[in-house]
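Q: Got a structure for you, run.cif, holding mmCIF, C-alpha atoms.
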data_coords
loop_
_atom_site.label_atom_id
_atom_site.label_comp_id
_atom_site.auth_asym_id
_atom_site.auth_seq_id
_atom_site.Cartn_x
_atom_site.Cartn_y
_atom_site.Cartn_z
CA MET J 14 -22.01 -18.45 -25.27
CA ARG J 15 -21.47 -21.49 -23.08
CA LEU J 16 -23.46 -21.94 -19.88
CA GLY J 17 -20.24 -22.76 -18.03
CA ASN J 18 -18.90 -19.30 -18.83
CA LEU J 19 -22.09 -17.68 -17.52
CA THR J 20 -22.16 -19.63 -14.26
CA ALA J 21 -18.48 -18.87 -13.66
CA GLY J 22 -19.15 -15.13 -13.79
CA GLN J 23 -19.17 -12.99 -10.67
CA PRO J 24 -22.78 -11.77 -11.17
CA PHE J 25 -24.03 -15.37 -11.14
CA LYS J 26 -21.91 -16.22 -8.09
CA ALA J 27 -23.32 -13.15 -6.36
CA ALA J 28 -26.81 -14.41 -7.19
CA LEU J 29 -25.97 -17.76 -5.57
CA ARG J 30 -24.84 -15.98 -2.41
CA VAL J 31 -28.09 -14.01 -2.38
CA ILE J 32 -30.05 -17.27 -2.71
CA VAL J 33 -28.23 -18.80 0.27
CA ILE J 34 -29.02 -15.75 2.41
CA PHE J 35 -32.62 -15.79 1.18
CA LEU J 36 -33.04 -19.49 2.01
CA VAL J 37 -31.85 -18.92 5.58
CA ILE J 38 -34.17 -15.94 6.10
CA HIS J 39 -37.07 -17.65 4.32
CA SER J 40 -36.72 -20.82 6.39
CA VAL J 41 -36.57 -19.01 9.72
CA ALA J 42 -39.39 -16.60 8.84
CA GLY J 43 -41.54 -19.39 7.39
CA ALA J 44 -41.13 -21.62 10.43
CA SER J 45 -41.91 -18.71 12.76
CA LEU J 46 -44.99 -17.77 10.74
CA MET J 47 -46.31 -21.33 10.70
CA GLN J 48 -45.80 -21.75 14.44
CA ALA J 49 -47.48 -18.41 15.14
CA MET J 50 -50.48 -19.34 12.98
CA ARG J 51 -50.71 -22.81 14.54
CA ASN J 52 -50.71 -21.28 18.02
CA SER J 53 -53.35 -18.75 16.95
CA PHE J 54 -55.65 -21.44 15.53
CA GLU J 55 -55.25 -23.64 18.60
CA GLU J 56 -55.95 -20.73 20.95
CA GLU J 57 -59.12 -20.00 18.98
CA LEU J 58 -60.30 -23.60 19.36
CA LYS J 59 -59.47 -23.54 23.06
CA ALA J 60 -61.48 -20.32 23.44
CA GLU J 61 -64.47 -21.98 21.71
CA THR J 62 -64.40 -24.92 24.12
CA GLU J 63 -64.09 -22.54 27.07
CA THR J 64 -67.16 -20.62 25.92
CA GLU J 65 -69.15 -23.84 25.58
CA MET J 66 -67.90 -25.04 28.94
CA ILE J 67 -69.32 -21.90 30.58
CA LEU J 68 -72.69 -22.49 28.92
CA PHE J 69 -72.77 -26.11 30.06
CA SER J 70 -71.80 -25.04 33.56
CA ASP J 71 -74.83 -22.75 33.65
CA ILE J 72 -77.06 -25.60 32.43
CA TYR J 73 -75.65 -27.92 35.11
CA ASP J 74 -76.19 -25.34 37.83
CA ARG J 75 -79.79 -24.83 36.66
CA ASP J 76 -80.92 -28.31 35.62
CA GLY J 77 -78.36 -30.67 37.14
CA THR J 78 -76.99 -33.82 35.53
CA ALA J 79 -80.26 -34.71 33.80
CA GLY J 80 -80.43 -31.35 32.05
CA LEU J 81 -76.79 -31.60 31.01
CA VAL J 82 -77.27 -35.09 29.59
CA ASP J 83 -80.36 -33.95 27.70
CA ILE J 84 -78.63 -31.00 26.01
CA LEU J 85 -75.57 -33.11 25.18
CA LYS J 86 -77.77 -35.72 23.51
CA GLN J 87 -79.39 -33.00 21.44
CA MET J 88 -75.94 -31.75 20.44
CA GLU J 89 -74.80 -35.26 19.56
CA ARG J 90 -77.60 -35.53 16.99
CA ALA J 91 -76.75 -32.15 15.49
CA ILE J 92 -72.94 -32.05 15.36
CA ASP J 93 -70.41 -34.01 13.33
CA PRO J 94 -68.14 -35.96 15.73
CA SER J 95 -65.31 -35.82 13.19
CA GLU J 96 -65.18 -32.07 13.84
CA ARG J 97 -66.17 -31.72 17.49
CA VAL J 98 -67.01 -34.04 20.36
CA ALA J 99 -68.80 -33.74 23.65
CA GLY J 100 -69.16 -36.43 26.27
CA LEU J 101 -70.17 -36.82 29.90
CA LEU J 102 -68.82 -39.57 32.17
CA ASP J 103 -69.84 -40.49 35.70
CA GLN J 104 -67.53 -40.92 38.70
CA ASN J 105 -66.79 -44.52 37.68
CA GLY J 106 -65.74 -43.50 34.18
CA LEU J 107 -68.89 -44.83 32.52
CA SER J 108 -70.19 -42.82 29.59
CA LEU J 109 -73.52 -41.09 30.18
CA THR J 110 -73.65 -39.66 26.66
CA GLY J 111 -71.33 -38.92 23.75
CA PRO J 112 -68.54 -40.90 22.02
CA ILE J 113 -66.03 -40.52 24.87
CA SER J 114 -65.82 -43.89 26.60
CA VAL J 115 -62.54 -43.54 28.53
CA LEU J 116 -62.11 -41.08 31.38
CA PRO J 117 -59.28 -38.61 30.52
CA ASP J 118 -56.35 -38.57 32.92
CA PHE J 119 -56.23 -34.78 33.14
CA ILE J 120 -58.33 -31.75 33.99
CA GLY J 121 -57.95 -28.65 31.82
CA ILE J 122 -57.08 -28.24 28.15
CA GLU J 123 -54.69 -30.50 26.28
CA LYS J 124 -54.17 -31.92 22.80
CA ARG J 125 -54.75 -35.66 22.79
CA GLU J 126 -55.26 -38.58 20.42
CA ILE J 127 -59.03 -39.12 20.43
CA GLN J 128 -58.81 -42.77 19.37
CA VAL J 129 -57.62 -43.74 22.84
CA LEU J 130 -60.59 -42.04 24.51
CA THR J 131 -63.27 -43.34 22.12
CA ALA J 132 -62.13 -46.99 21.91
CA GLY J 133 -61.28 -46.53 18.24
CA ARG J 134 -64.59 -44.96 17.20
CA LEU J 135 -62.89 -41.70 16.22
CA GLY J 136 -59.37 -40.85 15.11
CA GLY J 137 -57.13 -37.82 15.03
CA ARG J 138 -55.69 -35.36 17.50
CA TYR J 139 -58.28 -33.24 19.26
CA ILE J 140 -57.95 -30.24 21.52
CA LEU J 141 -59.85 -31.42 24.62
CA ASN J 142 -61.28 -29.35 27.43
CA VAL J 143 -62.00 -31.49 30.52
CA ARG J 144 -63.82 -30.25 33.61
CA LYS J 145 -65.58 -31.89 36.55
CA PHE J 146 -69.18 -30.96 37.39
CA GLY J 147 -69.83 -32.53 40.77
CA THR J 148 -69.07 -36.23 40.35
CA GLU J 149 -69.40 -36.12 36.55
CA THR J 150 -66.68 -35.24 34.06
CA LEU J 151 -67.51 -33.22 30.95
CA VAL J 152 -65.24 -33.51 27.92
CA LEU J 153 -65.43 -31.06 25.01
CA GLY J 154 -63.16 -31.33 22.00
CA ARG J 155 -62.29 -29.84 18.63
CA ASN J 156 -60.59 -31.76 15.84
CA GLY J 157 -57.11 -30.42 15.04
CA ALA J 158 -57.21 -31.71 11.44
CA PRO J 159 -58.35 -28.36 9.95
CA ILE J 160 -55.30 -26.74 11.53
CA GLU J 161 -53.02 -29.33 9.94
CA ARG J 162 -54.67 -28.81 6.56
CA ALA J 163 -54.21 -25.05 6.85
CA MET J 164 -50.58 -25.56 7.83
CA GLY J 165 -50.10 -27.84 4.83
CA ARG J 166 -51.52 -25.24 2.44
CA LEU J 167 -49.38 -22.53 4.01
CA SER J 168 -46.29 -24.73 3.70
CA ILE J 169 -46.97 -25.36 0.01
CA GLY J 170 -47.48 -21.63 -0.55
CA LEU J 171 -44.19 -20.79 1.15
CA VAL J 172 -42.34 -23.41 -0.92
CA ILE J 173 -43.84 -22.11 -4.19
CA PHE J 174 -42.97 -18.54 -3.23
CA GLY J 175 -39.41 -19.55 -2.35
CA LEU J 176 -38.87 -21.51 -5.58
CA THR J 177 -40.31 -18.68 -7.69
CA LEU J 178 -38.00 -16.13 -6.10
CA ILE J 179 -34.99 -18.46 -6.40
CA LEU J 180 -35.65 -18.99 -10.12
CA ALA J 181 -36.03 -15.23 -10.57
CA ILE J 182 -32.72 -14.57 -8.82
CA LEU J 183 -30.97 -17.26 -10.90
CA GLY J 184 -32.42 -15.76 -14.06
CA LEU J 185 -31.22 -12.29 -13.11
CA GLY J 186 -27.80 -13.72 -12.24
CA LEU J 187 -27.50 -15.44 -15.62
CA TRP J 188 -28.66 -12.30 -17.43
CA ALA J 189 -26.17 -10.08 -15.56
CA SER J 190 -23.39 -12.63 -16.13
CA ARG J 191 -24.24 -12.82 -19.84
CA THR J 192 -24.19 -9.03 -20.13
CA SER J 193 -20.85 -8.83 -18.33
CA PHE J 194 -19.38 -11.67 -20.43
CA ARG J 195 -20.54 -10.02 -23.66
CA ARG J 196 -18.80 -6.78 -22.69
CA LEU J 197 -15.60 -8.69 -22.01
CA GLU J 198 -15.90 -10.33 -25.44
CA ASP J 199 -16.39 -6.89 -27.04
CA MET J 200 -13.28 -5.60 -25.25
CA GLU J 201 -11.31 -8.64 -26.37
CA THR J 202 -12.45 -8.15 -29.98
CA ALA J 203 -11.59 -4.45 -29.95
CA LEU J 204 -8.13 -5.06 -28.45
CA ARG J 205 -7.42 -7.79 -30.99
CA LYS J 206 -8.32 -5.44 -33.85
CA VAL J 207 -6.06 -2.73 -32.45
CA ALA J 208 -3.25 -5.26 -32.08
CA GLU J 209 -3.78 -6.22 -35.72
CA GLY J 210 -3.36 -2.59 -36.76
CA ASP J 211 -6.95 -1.39 -36.93
CA MET J 212 -6.56 1.90 -35.05
CA ALA J 213 -10.21 2.80 -35.73
CA ALA J 214 -11.50 -0.10 -33.65
CA ARG J 215 -13.81 0.99 -30.85
CA LEU J 216 -15.90 -0.61 -28.17
CA PRO J 217 -19.62 -0.54 -29.00
CA VAL J 218 -21.60 2.11 -27.14
CA ARG J 219 -24.25 0.64 -24.85
CA ALA J 220 -27.06 2.27 -22.99
#
Show how you would write the structure in this file as structure tokens.

A:
Amino acid sequence: MRLGNLTAGQPFKAALRVIVIFLVIHSVAGASLMQAMRNSFEEELKAETETEMILFSDIYDRDGTAGLVDILKQMERAIDPSERVAGLLDQNGLSLTGPISVLPDFIGIEKREIQVLTAGRLGGRYILNVRKFGTETLVLGRNGAPIERAMGRLSIGLVIFGLTLILAILGLGLWASRTSFRRLEDMETALRKVAEGDMAARLPVRA
């Protein structure tokens, strides 16, 4: 049974139409899911920086700039700057502690390229929380690389799922087309036998 005959059958063509519809739905749903997860991860990182910012605000209110610098230096020795950063700059933009050496041009929370703010010491896009404490500016950040890695794994998973389902649909389409084509062949054989005079010819009984 030639493959061309199977792919020309209506069951296989119906399978192709199902695949097209599936691809549209899968693409839209996948993109929406990835965006929703990215937003969720970023909001979680923002919430972490906000919590830390409140703690540092309490330290500043209690111990002033000296106390804030002291706790930041302790943090700098304990944390990995490739994952999170913390820096304090004075009113002239000079670094008092931490890897941040350039005063950010915003107050609040934004996603920025950290290389620009650390004079090339660090790289990658970080979610930065910037707030002024008196004349000093505190910068807290979280690396966005883990989010990108998670998005990459999710993307691969969605592609594998889509390809698996597409292959399954194609297989079912070929099987249904083969079954339909075989029945047509059986009908053709039975009709030919009847035309040749075999009045006992019958179609085979199938489940």

Q: Expand the PyMOL selection byres ((chain J and resi 150-152) around 7) into the individual residues it matches in the shown file, reporting them as a PDB file with C-alpha atoms, in the frame of the given file.

A:
ATOM      1  CA  ALA J  99     -68.800 -33.740  23.650  1.00  0.00           C
ATOM      2  CA  GLY J 100     -69.160 -36.430  26.270  1.00  0.00           C
ATOM      3  CA  LEU J 101     -70.170 -36.820  29.900  1.00  0.00           C
ATOM      4  CA  LEU J 102     -68.820 -39.570  32.170  1.00  0.00           C
ATOM      5  CA  ASP J 103     -69.840 -40.490  35.700  1.00  0.00           C
ATOM      6  CA  LEU J 141     -59.850 -31.420  24.620  1.00  0.00           C
ATOM      7  CA  ASN J 142     -61.280 -29.350  27.430  1.00  0.00           C
ATOM      8  CA  VAL J 143     -62.000 -31.490  30.520  1.00  0.00           C
ATOM      9  CA  ARG J 144     -63.820 -30.250  33.610  1.00  0.00           C
ATOM     10  CA  LYS J 145     -65.580 -31.890  36.550  1.00  0.00           C
ATOM     11  CA  PHE J 146     -69.180 -30.960  37.390  1.00  0.00           C
ATOM     12  CA  THR J 148     -69.070 -36.230  40.350  1.00  0.00           C
ATOM     13  CA  GLU J 149     -69.400 -36.120  36.550  1.00  0.00           C
ATOM     14  CA  LEU J 153     -65.430 -31.060  25.010  1.00  0.00           C
ATOM     15  CA  GLY J 154     -63.160 -31.330  22.000  1.00  0.00           C
TER      16      GLY J 154
END

Q: Measure the distance from CA of Asn156 (chain J) to CA of Arg125 (chain J) in Å and round it to one decimal.

A: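 Going from CA of Asn156 (chain J) over to CA of Arg125 (chain J), I get 9.9 Å.
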
Q: Smallest atom-to-atom distance to Ile32 (chain J): which of J:Ile169, J:Leu187, J:Ile127, J:Ile182, using all atoms listed in the file?

A: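 For Ile32 (chain J), the nearest of the candidates is J:Ile182.
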
Q: Taking all atoms listed in the file into account, name the residue in J:Ala132, J:Ile120, J:Ile67, J:Ala189 that is nearest to Ser108 (chain J).

A: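 Once distances to Ser108 (chain J) are computed over all atoms listed in the file, the minimum belongs to J:Ala132.
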
Q: So for region 180-188 of chain J, what box centre and size do we get, axis-aligned, 8 Å extra on each of the six sides, every listed atom, Å to one decimal, as AutoDock Vina command-line options?

A:
--center_x -31.8 --center_y -15.6 --center_z -13.1 --size_x 24.5 --size_y 22.7 --size_z 24.6

Q: Output the residue selection produced by the PyMOL selection byres ((chain J and resi 55) around 12) on the file above, formatted as JSON, numbers by chain.

A: {"J": [48, 49, 50, 51, 52, 53, 54, 56, 57, 58, 59, 60, 61, 62, 122, 123, 124, 138, 139, 140, 141, 154, 155, 156, 157, 158, 159, 160, 161, 163, 164]}

Q: Rounded to one decimal place, report the CA of Asp93 (chain J)-CA of Leu135 (chain J) distance in Å.

A: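 So the two atoms, CA of Asp93 (chain J) and CA of Leu135 (chain J), lie 11.1 Å apart.
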
Q: Between CA of Gly136 (chain J) and CA of Pro117 (chain J), what is the distance, to one decimal in Å?

A: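 Between these atoms lies a distance of 15.6 Å.
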
Q: Using only C-alpha atoms, determine which residues lie at most 9 Å from region 34-41 of chain J, disregarding the query and same-chain residues fewer than 5 positions distant; provide the list as a list in words.

A: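 Skipping anything fewer than 5 positions along the chain leaves Leu29, Leu46, Leu171, Gly175 and Ile179 of chain J.
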
Q: Which one of J:Gln104, J:Tyr73, J:Val172, J:Thr192 sits closest to Leu85 (chain J) if you count only C-alpha atoms?

A: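 So, comparing all the options, the nearest one is J:Tyr73.
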
Q: Taking the file as shown, find all residues satisfying the PyMOL selection byres ((chain J and resi 86) around 12) and write them as an MDAnalysis selection string.

A: chainID J and resid 79:85 87:92 98:101 109:112

Q: Taking only C-alpha atoms into account, name the residue in J:Gly77, J:Gly186, J:Pro94, J:Gly43 that is nearest to Thr131 (chain J).

A: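 Between J:Gly77, J:Gly186, J:Pro94, J:Gly43, the residue approaching Thr131 (chain J) most closely is J:Pro94.
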